[in-house]
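Source file query36.tsv; content: TSV, C-alpha atoms.
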chain	number	residue	atom	x	y	z
O	1	MET	CA	-17.90	3.78	-13.03
O	2	HIS	CA	-16.62	6.62	-15.19
O	3	THR	CA	-17.92	7.62	-18.56
O	4	GLY	CA	-15.73	8.92	-21.37
O	5	PRO	CA	-12.17	7.82	-22.08
O	6	SER	CA	-10.65	5.16	-19.86
O	7	ASP	CA	-8.01	5.99	-17.25
O	8	ASN	CA	-5.33	4.35	-19.37
O	9	GLU	CA	-6.28	6.40	-22.43
O	10	ILE	CA	-6.07	9.62	-20.42
O	11	LEU	CA	-2.77	8.58	-18.88
O	12	SER	CA	-1.27	7.80	-22.30
O	13	SER	CA	-2.24	11.29	-23.36
O	14	VAL	CA	-0.63	12.78	-20.22
O	15	LEU	CA	2.53	10.78	-20.82
O	16	GLN	CA	2.66	12.14	-24.37
O	17	GLY	CA	2.81	15.66	-22.94
O	18	ASN	CA	-0.85	16.65	-22.59
O	19	GLN	CA	-0.57	17.77	-18.98
O	20	GLN	CA	-4.08	19.24	-18.89
O	21	ALA	CA	-5.59	15.79	-19.40
O	22	TYR	CA	-4.46	14.96	-15.87
O	23	ALA	CA	-7.21	17.26	-14.57
O	24	GLU	CA	-9.75	14.60	-15.60
O	25	ILE	CA	-7.93	12.01	-13.50
O	26	VAL	CA	-7.92	14.40	-10.53
O	27	LYS	CA	-11.65	15.03	-10.93
O	28	ARG	CA	-12.40	11.30	-11.11
O	29	TYR	CA	-10.53	10.36	-7.99
O	30	GLN	CA	-10.41	13.49	-5.85
O	31	ASN	CA	-13.41	12.57	-3.68
O	32	PHE	CA	-12.11	9.13	-2.94
O	33	VAL	CA	-8.53	10.26	-2.26
O	34	PHE	CA	-9.79	13.11	-0.07
O	35	THR	CA	-12.09	10.76	1.88
O	36	ILE	CA	-9.22	8.35	2.59
O	37	ALA	CA	-6.97	11.25	3.63
O	38	LEU	CA	-9.71	12.47	5.94
O	39	ARG	CA	-9.72	9.05	7.65
O	40	TYR	CA	-6.13	9.76	8.73
O	41	ALA	CA	-5.92	13.53	9.05
O	42	PRO	CA	-7.38	15.42	12.00
O	43	ASN	CA	-8.99	18.13	9.84
O	44	ARG	CA	-10.07	18.94	6.29
O	45	GLU	CA	-7.12	21.28	5.65
O	46	ASP	CA	-4.57	18.56	6.38
O	47	ALA	CA	-6.62	16.02	4.42
O	48	GLU	CA	-6.67	18.32	1.42
O	49	GLU	CA	-2.92	18.80	1.66
O	50	ILE	CA	-2.39	15.02	1.77
O	51	ALA	CA	-4.77	14.46	-1.15
O	52	GLN	CA	-2.97	17.12	-3.20
O	53	ASP	CA	0.37	15.54	-2.35
O	54	CYS	CA	-0.95	12.15	-3.55
O	55	PHE	CA	-1.95	13.49	-6.95
O	56	VAL	CA	1.37	15.31	-7.36
O	57	LYS	CA	3.32	12.16	-6.42
O	58	ALA	CA	1.21	10.08	-8.80
O	59	TYR	CA	1.88	12.57	-11.60
O	60	ARG	CA	5.63	12.59	-10.96
O	61	SER	CA	5.74	8.77	-10.94
O	62	LEU	CA	3.37	8.26	-13.85
O	63	ALA	CA	6.11	6.73	-16.01
O	64	ASP	CA	6.39	3.95	-13.42
O	65	PHE	CA	2.73	2.93	-13.81
O	66	ARG	CA	3.05	-0.18	-15.95
O	67	GLY	CA	-0.64	-0.91	-16.28
O	68	ASP	CA	-0.33	-4.34	-14.62
O	69	SER	CA	-3.07	-3.30	-12.20
O	70	LYS	CA	-5.92	-0.80	-12.36
O	71	PHE	CA	-4.81	2.81	-12.14
O	72	SER	CA	-7.05	3.25	-9.09
O	73	THR	CA	-5.21	0.41	-7.25
O	74	TRP	CA	-1.87	2.02	-8.06
O	75	LEU	CA	-3.13	5.45	-6.97
O	76	TYR	CA	-4.60	4.11	-3.72
O	77	THR	CA	-1.25	2.50	-2.89
O	78	ILE	CA	0.32	5.96	-3.16
O	79	VAL	CA	-2.53	7.36	-1.02
O	80	THR	CA	-1.94	4.72	1.67
O	81	THR	CA	1.81	5.33	1.90
O	82	THR	CA	1.33	9.11	1.84
O	83	CYS	CA	-1.22	8.94	4.67
O	84	LEU	CA	1.07	6.73	6.76
O	85	THR	CA	4.01	9.08	6.11
O	86	PHE	CA	1.83	11.99	7.18
O	87	LEU	CA	0.95	10.20	10.40
O	88	ARG	CA	4.58	9.47	11.10
O	89	LYS	CA	5.55	13.07	10.44
O	90	LYS	CA	2.84	14.44	12.65
O	91	LYS	CA	3.68	11.82	15.28
O	92	LEU	CA	0.06	10.95	15.63
O	93	ASP	CA	-1.11	7.61	16.94
O	94	VAL	CA	-1.18	5.05	14.18
O	95	HIS	CA	-4.32	3.15	14.90
O	96	SER	CA	-3.84	-0.57	14.77
O	97	LEU	CA	-6.47	-3.26	14.84
O	98	ASP	CA	-4.87	-4.89	17.82
O	99	ASN	CA	-4.52	-1.67	19.72
O	100	GLU	CA	-7.15	-1.31	22.39
O	101	LYS	CA	-6.57	2.44	22.42
O	102	VAL	CA	-8.38	2.54	19.10
O	103	PHE	CA	-11.66	2.15	20.88
O	104	GLU	CA	-10.82	4.73	23.50
O	105	VAL	CA	-9.92	7.21	20.77
O	106	ALA	CA	-13.06	6.40	18.82
O	107	ASP	CA	-15.18	6.71	21.93
O	108	SER	CA	-13.58	10.00	22.87
O	109	LYS	CA	-14.37	11.31	19.39
O	110	ASP	CA	-17.98	10.81	20.32
O	111	SER	CA	-17.84	13.36	23.09
O	112	GLY	CA	-18.97	16.14	20.73
O	113	PHE	CA	-21.56	13.95	19.09
O	114	GLY	CA	-24.48	14.29	21.47
O	115	ALA	CA	-27.85	13.14	20.24
O	116	ASN	CA	-29.11	16.70	19.89
O	117	GLN	CA	-26.06	17.60	17.82
O	118	VAL	CA	-26.79	14.97	15.24
O	119	GLU	CA	-28.91	17.14	13.03
O	120	GLN	CA	-28.74	15.05	9.92
O	121	LYS	CA	-30.61	11.90	10.71
O	122	SER	CA	-30.45	10.42	7.27
O	123	ARG	CA	-29.13	6.90	6.82
O	124	ILE	CA	-26.15	8.20	4.86
O	125	GLY	CA	-25.29	10.87	7.40
O	126	MET	CA	-25.48	8.33	10.17
O	127	VAL	CA	-23.24	5.79	8.49
O	128	ASN	CA	-20.66	8.45	7.59
O	129	LYS	CA	-20.54	9.61	11.19
O	130	ALA	CA	-20.22	6.05	12.41
O	131	ILE	CA	-17.30	5.47	10.03
O	132	ALA	CA	-15.65	8.59	11.43
O	133	LEU	CA	-15.72	6.94	14.85
O	134	LEU	CA	-13.71	3.96	13.63
O	135	SER	CA	-9.94	3.68	13.66
O	136	SER	CA	-8.13	4.85	10.51
O	137	ASP	CA	-7.35	1.26	9.49
O	138	ASP	CA	-10.97	0.14	9.83
O	139	ALA	CA	-12.32	3.21	8.04
O	140	HIS	CA	-9.71	2.81	5.29
O	141	ILE	CA	-10.50	-0.83	4.54
O	142	ILE	CA	-14.27	-0.21	4.55
O	143	THR	CA	-13.88	2.78	2.22
O	144	LEU	CA	-11.64	0.85	-0.16
O	145	PHE	CA	-14.08	-2.04	-0.34
O	146	TYR	CA	-17.35	-0.15	-0.61
O	147	LYS	CA	-16.38	3.08	-2.37
O	148	GLY	CA	-13.05	2.35	-4.05
O	149	GLU	CA	-14.35	-0.40	-6.35
O	150	GLN	CA	-11.49	-2.63	-5.22
O	151	SER	CA	-11.55	-6.40	-4.85
O	152	MET	CA	-10.12	-8.14	-1.76
O	153	GLU	CA	-6.96	-8.96	-3.75
O	154	GLU	CA	-6.56	-5.34	-4.83
O	155	ILE	CA	-7.11	-4.08	-1.28
O	156	GLY	CA	-4.37	-6.49	-0.20
O	157	GLN	CA	-2.09	-4.97	-2.81
O	158	VAL	CA	-2.93	-1.42	-1.68
O	159	MET	CA	-2.49	-2.13	2.03
O	160	GLY	CA	0.34	-4.64	1.73
O	161	LEU	CA	-1.71	-7.48	3.22
O	162	GLU	CA	-2.61	-11.05	2.30
O	163	THR	CA	-6.09	-11.50	0.82
O	164	ASN	CA	-7.23	-13.61	3.76
O	165	THR	CA	-6.01	-10.96	6.21
O	166	VAL	CA	-8.00	-8.37	4.26
O	167	LYS	CA	-11.09	-10.54	4.55
O	168	VAL	CA	-10.70	-10.94	8.30
O	169	ARG	CA	-9.95	-7.26	8.83
O	170	LEU	CA	-12.94	-6.25	6.74
O	171	HIS	CA	-15.23	-8.50	8.79
O	172	ARG	CA	-13.89	-7.05	12.03
O	173	ALA	CA	-14.18	-3.49	10.75
O	174	ARG	CA	-17.81	-4.03	9.75
O	175	GLN	CA	-18.53	-5.62	13.10
O	176	ARG	CA	-17.03	-2.63	14.91
O	177	LEU	CA	-19.02	-0.29	12.69
O	178	LYS	CA	-22.20	-2.14	13.58
O	179	ASP	CA	-21.33	-1.88	17.27
O	180	LYS	CA	-20.66	1.86	16.92
O	181	MET	CA	-23.96	2.41	15.16
O	182	GLU	CA	-25.86	0.46	17.82
O	183	LYS	CA	-24.05	2.30	20.61
O	184	HIS	CA	-24.08	5.87	19.33
O	185	PHE	CA	-26.98	5.94	16.90
O	186	ALA	CA	-29.39	3.57	18.57
O	187	ASP	CA	-32.47	5.63	17.65
O	188	GLU	CA	-31.53	5.86	14.00
O	189	VAL	CA	-30.73	2.16	13.84
O	190	ARG	CA	-34.10	1.36	15.41
O	191	ASP	CA	-35.82	3.56	12.79
O	192	LEU	CA	-34.13	1.56	10.06
O	193	ASN	CA	-35.60	-1.74	11.25
S	1	MET	CA	-21.93	-17.37	12.10
S	2	GLU	CA	-21.23	-13.73	11.25
S	3	GLU	CA	-18.07	-14.47	9.31
S	4	ARG	CA	-19.86	-17.07	7.22
S	5	LEU	CA	-22.72	-14.67	6.59
S	6	TRP	CA	-20.38	-11.85	5.60
S	7	ASN	CA	-18.69	-14.19	3.12
S	8	TYR	CA	-22.12	-15.07	1.77
S	9	ILE	CA	-23.11	-11.39	1.44
S	10	ASP	CA	-19.78	-10.52	-0.24
S	11	GLY	CA	-20.29	-13.37	-2.69
S	12	SER	CA	-17.05	-15.07	-1.69
S	13	GLY	CA	-16.73	-18.67	-0.56
S	14	ALA	CA	-17.28	-22.01	-2.28
S	15	ALA	CA	-20.55	-23.02	-3.94
S	16	GLU	CA	-21.18	-25.76	-1.33
S	17	GLU	CA	-20.77	-23.25	1.47
S	18	ARG	CA	-23.21	-20.88	-0.22
S	19	SER	CA	-25.84	-23.57	-0.66
S	20	ALA	CA	-25.34	-24.66	2.98
S	21	ILE	CA	-25.96	-21.07	4.12
S	22	GLU	CA	-29.01	-20.78	1.86
S	23	GLN	CA	-30.44	-23.88	3.55
S	24	LEU	CA	-29.77	-22.39	6.99
S	25	LEU	CA	-31.42	-19.13	5.98
S	26	LYS	CA	-34.52	-21.03	4.86
S	27	SER	CA	-34.84	-23.09	8.00
S	28	ASN	CA	-33.24	-21.18	10.88
S	29	ALA	CA	-34.86	-18.03	12.35
S	30	GLU	CA	-31.69	-16.96	14.17
S	31	TRP	CA	-29.69	-17.08	10.95
S	32	GLN	CA	-32.43	-15.18	9.11
S	33	SER	CA	-32.46	-12.42	11.71
S	34	LYS	CA	-28.65	-12.07	11.73
S	35	TYR	CA	-28.59	-12.10	7.93
S	36	ARG	CA	-31.09	-9.24	7.75
S	37	GLU	CA	-29.05	-7.29	10.31
S	38	LEU	CA	-25.79	-7.69	8.39
S	39	LEU	CA	-27.47	-7.01	5.07
S	40	ASP	CA	-28.72	-3.68	6.47
S	41	VAL	CA	-25.16	-2.69	7.42
S	42	HIS	CA	-23.93	-3.82	4.00
S	43	GLN	CA	-26.62	-1.76	2.27
S	44	LEU	CA	-25.86	1.30	4.40
S	45	LEU	CA	-22.17	1.07	3.54
S	46	ARG	CA	-22.96	0.81	-0.15
S	47	GLU	CA	-25.03	3.97	0.14
S	48	SER	CA	-22.43	5.91	2.14
S	49	GLU	CA	-21.06	8.98	0.40
S	50	LEU	CA	-17.56	10.21	-0.24
S	51	GLU	CA	-16.39	13.54	1.16
S	52	GLU	CA	-15.68	16.35	-1.26
S	53	PRO	CA	-12.59	18.57	-1.16
S	54	SER	CA	-12.79	22.33	-1.77
S	55	MET	CA	-13.88	23.68	-5.15
S	56	ARG	CA	-10.33	24.80	-5.91
S	57	PHE	CA	-8.83	21.38	-5.37
S	58	THR	CA	-8.35	20.35	-9.02
S	59	ARG	CA	-7.00	23.79	-9.89
S	60	ASN	CA	-4.53	23.64	-6.97
S	61	VAL	CA	-3.23	20.26	-8.13
S	62	MET	CA	-2.92	21.43	-11.73
S	63	GLU	CA	-1.05	24.58	-10.66
S	64	GLU	CA	1.31	22.44	-8.61
S	65	ILE	CA	2.06	19.96	-11.40
S	66	ALA	CA	2.47	22.75	-13.97
S	67	ARG	CA	5.85	23.39	-12.34
S	68	LEU	CA	6.84	19.73	-12.47
S	69	GLN	CA	7.81	17.14	-15.02
S	70	ILE	CA	7.08	13.44	-15.07
S	71	ALA	CA	10.13	11.66	-13.67
S	72	PRO	CA	11.74	9.06	-15.94
S	73	ALA	CA	10.64	5.49	-15.24
S	74	THR	CA	12.74	3.84	-12.55
S	75	LYS	CA	13.68	0.98	-14.89
S	76	ASN	CA	15.31	3.52	-17.22
S	77	TYR	CA	17.81	4.81	-14.73
S	78	ILE	CA	18.42	1.67	-12.72
S	79	ASN	CA	20.59	-0.56	-14.86
S	80	GLN	CA	19.92	-4.16	-13.88
S	81	LYS	CA	23.26	-5.24	-15.34
S	82	ILE	CA	25.13	-2.96	-12.95
S	83	ILE	CA	23.14	-4.40	-10.03
S	84	TYR	CA	23.96	-7.95	-11.14
S	85	GLY	CA	27.60	-6.92	-11.72
S	86	LEU	CA	27.88	-5.54	-8.18
S	87	GLY	CA	26.21	-8.67	-6.84
S	88	ALA	CA	28.66	-10.88	-8.73
S	89	PHE	CA	31.58	-8.77	-7.46
S	90	PHE	CA	30.59	-9.14	-3.80
S	91	VAL	CA	29.74	-12.83	-4.14
S	92	THR	CA	33.14	-13.45	-5.77
S	93	MET	CA	34.80	-11.50	-2.98
S	94	ILE	CA	33.04	-13.47	-0.25
S	95	ILE	CA	33.88	-16.76	-1.93
S	96	GLY	CA	37.50	-15.62	-2.29
S	97	PHE	CA	37.78	-14.76	1.40
S	98	LEU	CA	36.18	-18.06	2.37
S	99	VAL	CA	38.54	-20.03	0.15
S	100	TYR	CA	41.51	-18.15	1.56
S	101	GLY	CA	40.27	-18.62	5.14
S	102	PHE	CA	39.82	-22.35	4.71
S	103	ALA	CA	43.20	-22.62	3.01
S	104	GLN	CA	44.78	-21.14	6.14
S	105	VAL	CA	43.23	-23.71	8.43
S	106	ASP	CA	45.47	-26.44	9.73
S	107	TRP	CA	43.18	-29.45	9.54
S	108	THR	CA	45.52	-31.81	11.45
S	109	PRO	CA	44.34	-32.50	15.02
S	110	THR	CA	46.07	-30.21	17.51
S	111	ASN	CA	45.86	-29.50	21.24
S	112	SER	CA	42.64	-31.00	22.62
S	113	ASN	CA	42.15	-27.96	24.95
S	114	SER	CA	41.61	-25.66	21.99
S	115	SER	CA	38.20	-25.89	20.32
S	116	ILE	CA	39.27	-23.76	17.35
S	117	PRO	CA	41.84	-25.37	15.05
S	118	ILE	CA	43.36	-22.00	14.07
S	119	ASP	CA	46.14	-20.31	15.93
S	120	PHE	CA	45.21	-16.69	15.34
S	121	GLY	CA	48.54	-15.52	16.69
S	122	LYS	CA	50.31	-17.31	13.87
S	123	LEU	CA	48.10	-16.03	11.08
S	124	ASP	CA	50.31	-14.29	8.58
S	125	PHE	CA	48.41	-11.42	7.04
S	126	SER	CA	51.39	-10.31	4.98
S	127	LYS	CA	50.77	-13.37	2.81
S	128	PHE	CA	47.29	-12.11	2.14
S	129	PHE	CA	48.23	-9.84	-0.72
S	130	ASN	CA	51.27	-11.86	-1.68
S	131	ASN	CA	49.52	-15.04	-2.65
S	132	THR	CA	48.95	-16.39	-6.16
S	133	TYR	CA	45.28	-17.19	-5.53
S	134	VAL	CA	44.59	-13.73	-4.10
S	135	ASN	CA	46.38	-12.12	-7.02
S	136	ILE	CA	44.25	-14.15	-9.43
S	137	PHE	CA	41.15	-13.15	-7.50
S	138	MET	CA	42.10	-9.46	-7.59
S	139	MET	CA	42.85	-9.70	-11.29
S	140	MET	CA	39.43	-11.22	-11.91
S	141	ASN	CA	37.81	-8.28	-10.12
S	142	VAL	CA	39.80	-5.78	-12.15
S	143	VAL	CA	38.78	-7.53	-15.39
S	144	LEU	CA	35.15	-7.61	-14.22
S	145	GLY	CA	35.30	-3.89	-13.39
S	146	LEU	CA	36.82	-3.05	-16.78
S	147	ALA	CA	34.16	-5.15	-18.55
S	148	LEU	CA	31.40	-3.27	-16.73
S	149	LEU	CA	32.99	0.10	-17.53
S	150	ASP	CA	33.33	-0.92	-21.17
S	151	ARG	CA	29.67	-1.94	-21.33
S	152	TYR	CA	28.60	1.32	-19.69
S	153	LEU	CA	30.67	3.45	-22.10
S	154	ASN	CA	29.41	1.47	-25.11
S	155	LYS	CA	25.83	2.05	-24.01
S	156	LYS	CA	26.47	5.79	-23.65
S	157	LYS	CA	28.10	5.86	-27.10
S	158	GLU	CA	25.12	4.03	-28.61
S	159	GLU	CA	22.65	6.43	-26.96
S	160	ARG	CA	24.59	9.43	-28.25
S	161	ARG	CA	24.63	7.93	-31.75
S	162	GLN	CA	20.85	7.32	-31.65
S	163	THR	CA	20.06	10.88	-30.46
S	164	SER	CA	22.30	12.39	-33.17
S	165	GLU	CA	20.42	10.37	-35.81

What's the structure tokens form of this structure?
Amino acid sequence: MHTGPSDNEILSSVLQGNQQAYAEIVKRYQNFVFTIALRYAPNREDAEEIAQDCFVKAYRSLADFRGDSKFSTWLYTIVTTTCLTFLRKKKLDVHSLDNEKVFEVADSKDSGFGANQVEQKSRIGMVNKAIALLSSDDAHIITLFYKGEQSMEEIGQVMGLETNTVKVRLHRARQRLKDKMEKHFADEVRDLN
Amino acid sequence: MEERLWNYIDGSGAAEERSAIEQLLKSNAEWQSKYRELLDVHQLLRESELEEPSMRFTRNVMEEIARLQIAPATKNYINQKIIYGLGAFFVTMIIGFLVYGFAQVDWTPTNSNSSIPIDFGKLDFSKFFNNTYVNIFMMMNVVLGLALLDRYLNKKKEERRQTSE
């Protein structure tokens, strides 16, 4: 949760012409937006470009934010569409839950992840690396649920899915994450138990 | 089992379902073990950290938006009345064509070999724009168009008056 003025208070100020107030919004959400962009982009440079694009688009469309939902939900919808547009532009594989190639791609990502290369053996480091092995869709839904402070309904709104579909997809994503952790970080997982 | 346990961990699901799972967790070792396993994953995910962009990120965004202006709200430049007007125009047109088409049909039984009761060769298109009903229909469209134009100009006039005040 954020301290200080609420998002809506800051946004009212921005809409009244105080452009600098938008910097606070950027600071609040930049890590989350960048993390989501990184789930789709092949490198940090592209992810940063996508994240920047999201904030610029959100600023340009600020007058369209009616306040019916949380600002974060509205912003994450922009992030989702921007990431998908980026993927389409770059003609990269859009990972789908039903696409078996997802697992091949995720497994191939592991090729540079040998046990001796995993220097950071902390729980957090391990889980972040395991998330990086998931498909973009799986990583996205997990990040929205655990780090985006979004309910199932809000995630549905962001991703254009029914709430029940979100629930099922989240279960599957967590299951795949568990499998990845057991497969690629067996030692660390054993240490946890 | 896993789906039910995930629902339990997420706090979703009905109260009866939750109490049923609580009973299973008290009595069943397999359920207890799976619950602990899933709870570990849940806890790890809660502890996971977000990535951070470069230090210049906020400044880059602010420099970018300094050159831009907030676009006017979509509802301000999309006039719903014009949309409804266009809709009404096309619906009227479709209905007009349908009425005209049906009026052309000879409903008396004809040659049994033909499945379509219209002789397309005998359709007289010159009548199309020389028919009272079509003329009325066209007149209605013209009146509708003029009404929309009048409303648009009045709105513009009103806006100009308000800005001058």

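Using all atoms listed in the file, the smallest distance between any of S:Lys81, S:Lys34, S:Arg18, S:Arg46 and chain O comes from S:Arg46.
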
Straight-line distance linking CA of Phe34 in chain O with CA of Ala51 in chain O, stated in Å to one decimal = 5.3 Å

Residues of chain O near chain S: apply a cut-off of 9 Å, count all atoms listed in the file, and supply the list as a PyMOL selection string.
-> chain O and resi 15+19-20+22-24+26-27+30-32+34-36+38+44+47-48+51-53+55-56+59-65+123-128+142-143+146-147+167-168+171-172+174-175+177-178+192-193

Separation of CA of Val79 in chain O from CA of Arg66 in chain O, in Å and rounded to one decimal | 17.6 Å

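Note that the spacing between CA of Phe97 in chain S and CA of Tyr84 in chain S amounts to 19.9 Å.
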
Find the spatial neighbours of Leu25 in chain S, counting all atoms listed in the file, within a cut-off of 12 Å - ignore same-chain residues fewer than 2 positions away - and output them as a short mmCIF file (atom, residue, chain, number, x, y, z; two decimals) with C-alpha atoms, keeping the file's coordinate frame.
data_model
loop_
_atom_site.label_atom_id
_atom_site.label_comp_id
_atom_site.auth_asym_id
_atom_site.auth_seq_id
_atom_site.Cartn_x
_atom_site.Cartn_y
_atom_site.Cartn_z
CA MET S 1 -21.93 -17.37 12.10
CA ARG S 4 -19.86 -17.07 7.22
CA LEU S 5 -22.72 -14.67 6.59
CA TYR S 8 -22.12 -15.07 1.77
CA ARG S 18 -23.21 -20.88 -0.22
CA SER S 19 -25.84 -23.57 -0.66
CA ALA S 20 -25.34 -24.66 2.98
CA ILE S 21 -25.96 -21.07 4.12
CA GLU S 22 -29.01 -20.78 1.86
CA GLN S 23 -30.44 -23.88 3.55
CA SER S 27 -34.84 -23.09 8.00
CA ASN S 28 -33.24 -21.18 10.88
CA ALA S 29 -34.86 -18.03 12.35
CA GLU S 30 -31.69 -16.96 14.17
CA TRP S 31 -29.69 -17.08 10.95
CA GLN S 32 -32.43 -15.18 9.11
CA SER S 33 -32.46 -12.42 11.71
CA LYS S 34 -28.65 -12.07 11.73
CA TYR S 35 -28.59 -12.10 7.93
CA ARG S 36 -31.09 -9.24 7.75
#

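Between Ile95 in chain S and the candidates S:Val134, S:Ile9, S:Ala15, S:Val143, the tightest atom-to-atom separation, counting all atoms listed in the file, involves S:Val134.
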
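Among S:Gly87, S:Gly13, S:Tyr100, S:Leu146, the residue with the shortest atom-to-atom distance to Thr132 in chain S, counting all atoms listed in the file, is S:Tyr100.
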
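Counting all atoms listed in the file, the residue from O:Asp138, O:Asp68, O:Glu153, O:Glu9 that sits nearest to Ala21 in chain O is O:Glu9.
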
With all atoms listed in the file as the basis for distance, which of S:Met93, S:Met55, S:Val105, S:Leu98 is at the shortest distance from Ile136 in chain S?
-> S:Met93
